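Working notes, structure below.
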Amino acid sequence: MQVLISSRLLTALLVIGSFVSLYAEAAPLSVEEVAQGVYVHQGAHEDFDENYHGDIANIGFVVGKEAVAVIDTGGSYKVGLALKQAVRHVTKLPIRYVINTHVHPDHIFGNAAFTDEHPIFIGHVKLPADMARRKDIYLRNLQKELGADAEKSEVIAPDETVSKSLKIDLGKRVLQLTAWTTSHTDTDLTVFDANTKTLWTGDLLFIERTPSIDGDIKNWLDVIDVLKSIQADMAIPGHGPVTKNKNEALNNERRYLDTLLRDVRASIKNGEDMNQAMGSAAKNEKTRWVLFDVVNRRNVNLIYPVLEWE
Ligand SMILES: [Zn+2]
């Protein structure tokens with residue numbers, strides 16, 4: 001009898017112990033249910049070069065009757081694990097899909113936290129090649145930025161890719177995935193939940209945070225016009241608050257990108273070098289955006305050499 005009680009007690013302690021260590025490892029990420037079955041965690045407006053914790057992008061999940069789709073996984077394994085805990089607080093349904101909206105490290109490095117659920121990873125048709133090309137530098141940078149918190153973070157390429165569009169069914173809930181031409185990046189993918197008319201834009205839409213360009217500014221302006229034509233009750237941007245006024249937010253973004261394009265073209269025409277353009281381009285947008293100086297300079301750095309050849 002004595003032995004029996006002890007072993008029961010031991011089992012109980014082990015169960016409690018593993019429960020505690022599981023949650024000590026990763027408290028669930030805070031998420032908000034912005035529409036029925038649509039959960040979002042809003043990342044902080046931090047830059048990669050300063051005070052970066054791997055949690056700057058909007059990430060989340062959609063719950064159907066049979067399965068869950070995770071949309072972006074955050075900037076580290078640690079953030080991804082916390083997102084998985086958040087899913088598990090909401091539902092026991094299998095995580096059948098993990099969708100990446102594009103290649104950027106703040107959106108993909110949490111993928112590794114989901115591999116034990118054996119989901120189908122989905123991304124833009126160009127995502128596998130882009131990930132392979134950027135993998136080493138992304139991992140090196142993450143080590144520098146996060147130190148020990150970069151542990152277990154991995155670049156995990158999609159199992160299934162989207163070249164134009166793809167529908168996935170979570171059980172009485174269809175998500176429509178659309179692949180875009182090179183805009184914010186060359187791997188941009190949006191996700192539309194038909195049930196609630198919610199559009200996950202990835203980084204094709206920035207709110208508050210200065211839009212950053214790693215693709216093609218002219219195409220992006222065109223894509224914004226197409227995004228405006230989509231009937232959506234709600235938009236979840238890649239960064240910044242969820243909005244019911246998608247087109248107002250897209251107009252703000254368009255105004256910044258338009259101004260930047262116009263100013264850099266003018267600088268080139270007036271014989272200003274790239275450094276001068278970095279200091280002057282889109283200056284009247286400065287007060288309207290977070291992290292403007294650092295992101296705007298990088299944008300000029302990217303588009304100036306391209307526009308020089310126009
Ligand atoms: Zn991005």
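Convention: chains lettered A, B, ... in structure tokens order; per-chain residue numbering from 1; ligands numbered from 1 as shown.
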
Exercise for the section: Could you report the residues within 9 Å of ligand 1, using only C-alpha atoms and all ligand atoms, as a PyMOL selection string? Expected result: chain A and resi 57+101-107+184-185+188+202-204+211-214+238-239

Exercise for the section: From a DSSP pass on the backbone, collect the residues of segment 7-254 of chain A flagged as alpha helix (DSSP H) and hand them back as a ChimeraX atom specification. Expected result: /A:7-25,77-90,105-108,127-146,217-229,246-254

Problem - Residue neighbourhood Asp116 of chain A, 12 Å, only C-alpha atoms, exclusion window fewer than 5 positions, as a list in words - result: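 After dropping sequence-adjacent residues, the list is Leu81, Lys84, Pro94, Ile95, Arg96 and Asn111 of chain A.
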
Selection file, C-alpha atoms, as a PDB file, in the first residue's frame:
ATOM      1  CA  LEU A  81       5.952  27.653 -29.787  1.00  0.00           C
ATOM      2  CA  LYS A  84       1.158  26.877 -30.843  1.00  0.00           C
ATOM      3  CA  PRO A  94      -5.230  19.282 -35.700  1.00  0.00           C
ATOM      4  CA  ILE A  95      -3.061  22.029 -37.153  1.00  0.00           C
ATOM      5  CA  ARG A  96      -3.342  20.862 -40.755  1.00  0.00           C
ATOM      6  CA  ASN A 111       7.765  27.225 -38.455  1.00  0.00           C
TER       7      ASN A 111
END

Handout entry: Best match for closeness to Leu177 of chain A among A:Ala69, A:Ala113, A:Val90, A:Ala249, counting only C-alpha atoms
Key = A:Ala69

Problem - All residues 9 Å or closer to segment 256-260 of chain A, only C-alpha atoms, same chain fewer than 6 positions away omitted, as a PyMOL selection string - result: chain A and resi 210-211+217-218+220-221+281-285+296+299-300

Pull C-alpha atoms from the residues just selected and write them as an mmCIF file, in the first residue's frame.
data_model
loop_
_atom_site.group_PDB
_atom_site.id
_atom_site.type_symbol
_atom_site.label_atom_id
_atom_site.label_comp_id
_atom_site.auth_asym_id
_atom_site.auth_seq_id
_atom_site.Cartn_x
_atom_site.Cartn_y
_atom_site.Cartn_z
ATOM 1 C CA THR A 210 6.762 52.263 -42.371
ATOM 2 C CA PRO A 211 6.196 49.936 -45.352
ATOM 3 C CA ILE A 217 7.684 49.299 -55.754
ATOM 4 C CA LYS A 218 5.875 49.802 -59.075
ATOM 5 C CA TRP A 220 3.354 46.885 -55.374
ATOM 6 C CA LEU A 221 1.419 50.042 -56.286
ATOM 7 C CA ALA A 281 12.975 61.300 -50.178
ATOM 8 C CA ALA A 282 9.416 61.076 -48.835
ATOM 9 C CA LYS A 283 10.316 63.432 -45.992
ATOM 10 C CA ASN A 284 6.794 64.785 -45.654
ATOM 11 C CA GLU A 285 5.660 61.249 -44.732
ATOM 12 C CA ASN A 296 12.812 54.787 -45.424
ATOM 13 C CA ASN A 299 13.854 51.625 -49.127
ATOM 14 C CA VAL A 300 15.781 54.336 -50.963
#

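The protein and nucleic acid residues lying at most 10 Å from Glu32 of chain A are A:Gly37, A:Val38, A:Tyr39, A:Val40, A:His41, A:Gln42, A:Gly60, with only C-alpha atoms considered and sequence neighbours fewer than 5 positions away removed.
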
What does the file look like for those residues with C-alpha atoms, as an mmCIF file, in the first residue's frame?
data_model
loop_
_atom_site.group_PDB
_atom_site.id
_atom_site.type_symbol
_atom_site.label_atom_id
_atom_site.label_comp_id
_atom_site.auth_asym_id
_atom_site.auth_seq_id
_atom_site.Cartn_x
_atom_site.Cartn_y
_atom_site.Cartn_z
ATOM 1 C CA GLY A 37 -12.647 31.657 -35.386
ATOM 2 C CA VAL A 38 -9.982 34.125 -36.544
ATOM 3 C CA TYR A 39 -7.235 34.755 -33.992
ATOM 4 C CA VAL A 40 -4.470 37.341 -34.315
ATOM 5 C CA HIS A 41 -1.416 38.261 -32.316
ATOM 6 C CA GLN A 42 -0.165 41.761 -33.075
ATOM 7 C CA GLY A 60 -2.296 33.935 -35.970
#

Practice task
Could you find all residues in segment 53-143 of chain A that DSSP calls strand (DSSP E or B) from the backbone, and write them as a ChimeraX atom specification?
Solution key: /A:59-63,68-71,95-99,120-124

Problem - Among listed residues A:Ile120, A:Val79, A:Ala67, A:Ala179, nearest Leu146 of chain A (using only C-alpha atoms) - result: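 Once distances to Leu146 of chain A are computed over only C-alpha atoms, the minimum belongs to A:Val79.
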
Problem - Test item: residues at most 10 Å from segment 167-169 of chain A, only C-alpha atoms, excluding those fewer than 3 positions along its chain, as a PyMOL selection string - result: chain A and resi 64-69+96-97+162+172-178+191-192

Go ahead and write the selection's residues with N, CA and C atoms as a CSV table (one decimal), in the first residue's frame.
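Okay, this is what ended up in part_37.csv:
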chain,number,residue,atom,x,y,z
A,64,GLY,N,-11.4,25.9,-38.3
A,64,GLY,CA,-12.6,25.4,-39.0
A,64,GLY,C,-13.2,24.4,-38.1
A,65,LYS,N,-14.2,23.6,-38.7
A,65,LYS,CA,-14.8,22.5,-38.0
A,65,LYS,C,-13.9,21.3,-37.8
A,66,GLU,N,-13.0,21.1,-38.7
A,66,GLU,CA,-12.1,19.9,-38.6
A,66,GLU,C,-10.7,20.2,-38.4
A,67,ALA,N,-10.2,21.4,-38.7
A,67,ALA,CA,-8.8,21.6,-38.6
A,67,ALA,C,-8.4,23.1,-38.5
A,68,VAL,N,-7.2,23.4,-38.2
A,68,VAL,CA,-6.7,24.7,-38.0
A,68,VAL,C,-5.6,25.1,-39.0
A,69,ALA,N,-5.6,26.3,-39.5
A,69,ALA,CA,-4.5,26.8,-40.3
A,69,ALA,C,-3.8,27.9,-39.6
A,96,ARG,N,-3.5,21.6,-39.5
A,96,ARG,CA,-3.3,20.9,-40.8
A,96,ARG,C,-2.5,21.7,-41.7
A,97,TYR,N,-2.5,23.0,-41.6
A,97,TYR,CA,-1.7,23.8,-42.5
A,97,TYR,C,-0.9,24.9,-41.7
A,162,VAL,N,2.0,27.8,-54.1
A,162,VAL,CA,0.9,28.4,-54.8
A,162,VAL,C,1.4,29.3,-55.9
A,172,LYS,N,-16.1,23.2,-43.2
A,172,LYS,CA,-17.1,24.3,-43.3
A,172,LYS,C,-16.4,25.7,-43.2
A,173,ARG,N,-15.2,25.7,-43.8
A,173,ARG,CA,-14.5,27.0,-43.7
A,173,ARG,C,-13.4,26.9,-44.8
A,174,VAL,N,-13.6,27.7,-45.9
A,174,VAL,CA,-12.6,27.6,-47.0
A,174,VAL,C,-11.7,28.9,-47.0
A,175,LEU,N,-10.4,28.6,-47.0
A,175,LEU,CA,-9.5,29.8,-47.2
A,175,LEU,C,-9.0,29.8,-48.6
A,176,GLN,N,-9.0,31.0,-49.2
A,176,GLN,CA,-8.6,31.2,-50.5
A,176,GLN,C,-7.2,31.9,-50.5
A,177,LEU,N,-6.2,31.2,-51.0
A,177,LEU,CA,-4.8,31.7,-51.0
A,177,LEU,C,-4.5,32.3,-52.4
A,178,THR,N,-3.9,33.4,-52.4
A,178,THR,CA,-3.6,34.1,-53.7
A,178,THR,C,-2.1,34.5,-53.7
A,191,VAL,N,-4.3,35.6,-47.8
A,191,VAL,CA,-5.2,34.5,-47.4
A,191,VAL,C,-6.6,35.2,-47.1
A,192,PHE,N,-7.6,34.7,-47.7
A,192,PHE,CA,-9.0,35.2,-47.5
A,192,PHE,C,-9.9,34.2,-46.9

Problem - Residues near segment 139-145 of chain A, cut-off 10 Å, only C-alpha atoms, skip fewer than 6 positions along chain, as a list in words - result: Phe48, Asp49, Glu50, Asn51, Tyr52, His53, Gly54, Gly75, Ser76, Pro105, Asp106, Phe109, Glu151, Ser153, Glu154 and Val155 of chain A

Go ahead and write the selection's residues with C-alpha atoms as a PDB file, in the first residue's frame.
ATOM      1  CA  PHE A  48      15.678  44.239 -36.520  1.00  0.00           C
ATOM      2  CA  ASP A  49      18.812  46.195 -35.614  1.00  0.00           C
ATOM      3  CA  GLU A  50      17.678  47.413 -32.225  1.00  0.00           C
ATOM      4  CA  ASN A  51      15.797  45.768 -29.396  1.00  0.00           C
ATOM      5  CA  TYR A  52      14.503  42.960 -31.641  1.00  0.00           C
ATOM      6  CA  HIS A  53      12.771  40.093 -29.837  1.00  0.00           C
ATOM      7  CA  GLY A  54      11.465  38.135 -32.809  1.00  0.00           C
ATOM      8  CA  GLY A  75      10.471  35.429 -35.803  1.00  0.00           C
ATOM      9  CA  SER A  76      11.788  32.512 -33.752  1.00  0.00           C
ATOM     10  CA  PRO A 105      12.400  36.183 -41.067  1.00  0.00           C
ATOM     11  CA  ASP A 106       9.879  37.793 -38.707  1.00  0.00           C
ATOM     12  CA  PHE A 109      11.238  31.413 -38.126  1.00  0.00           C
ATOM     13  CA  GLU A 151      17.686  28.376 -30.464  1.00  0.00           C
ATOM     14  CA  SER A 153      14.773  28.342 -35.110  1.00  0.00           C
ATOM     15  CA  GLU A 154      14.960  26.892 -38.602  1.00  0.00           C
ATOM     16  CA  VAL A 155      14.082  27.831 -42.147  1.00  0.00           C
TER      17      VAL A 155
END
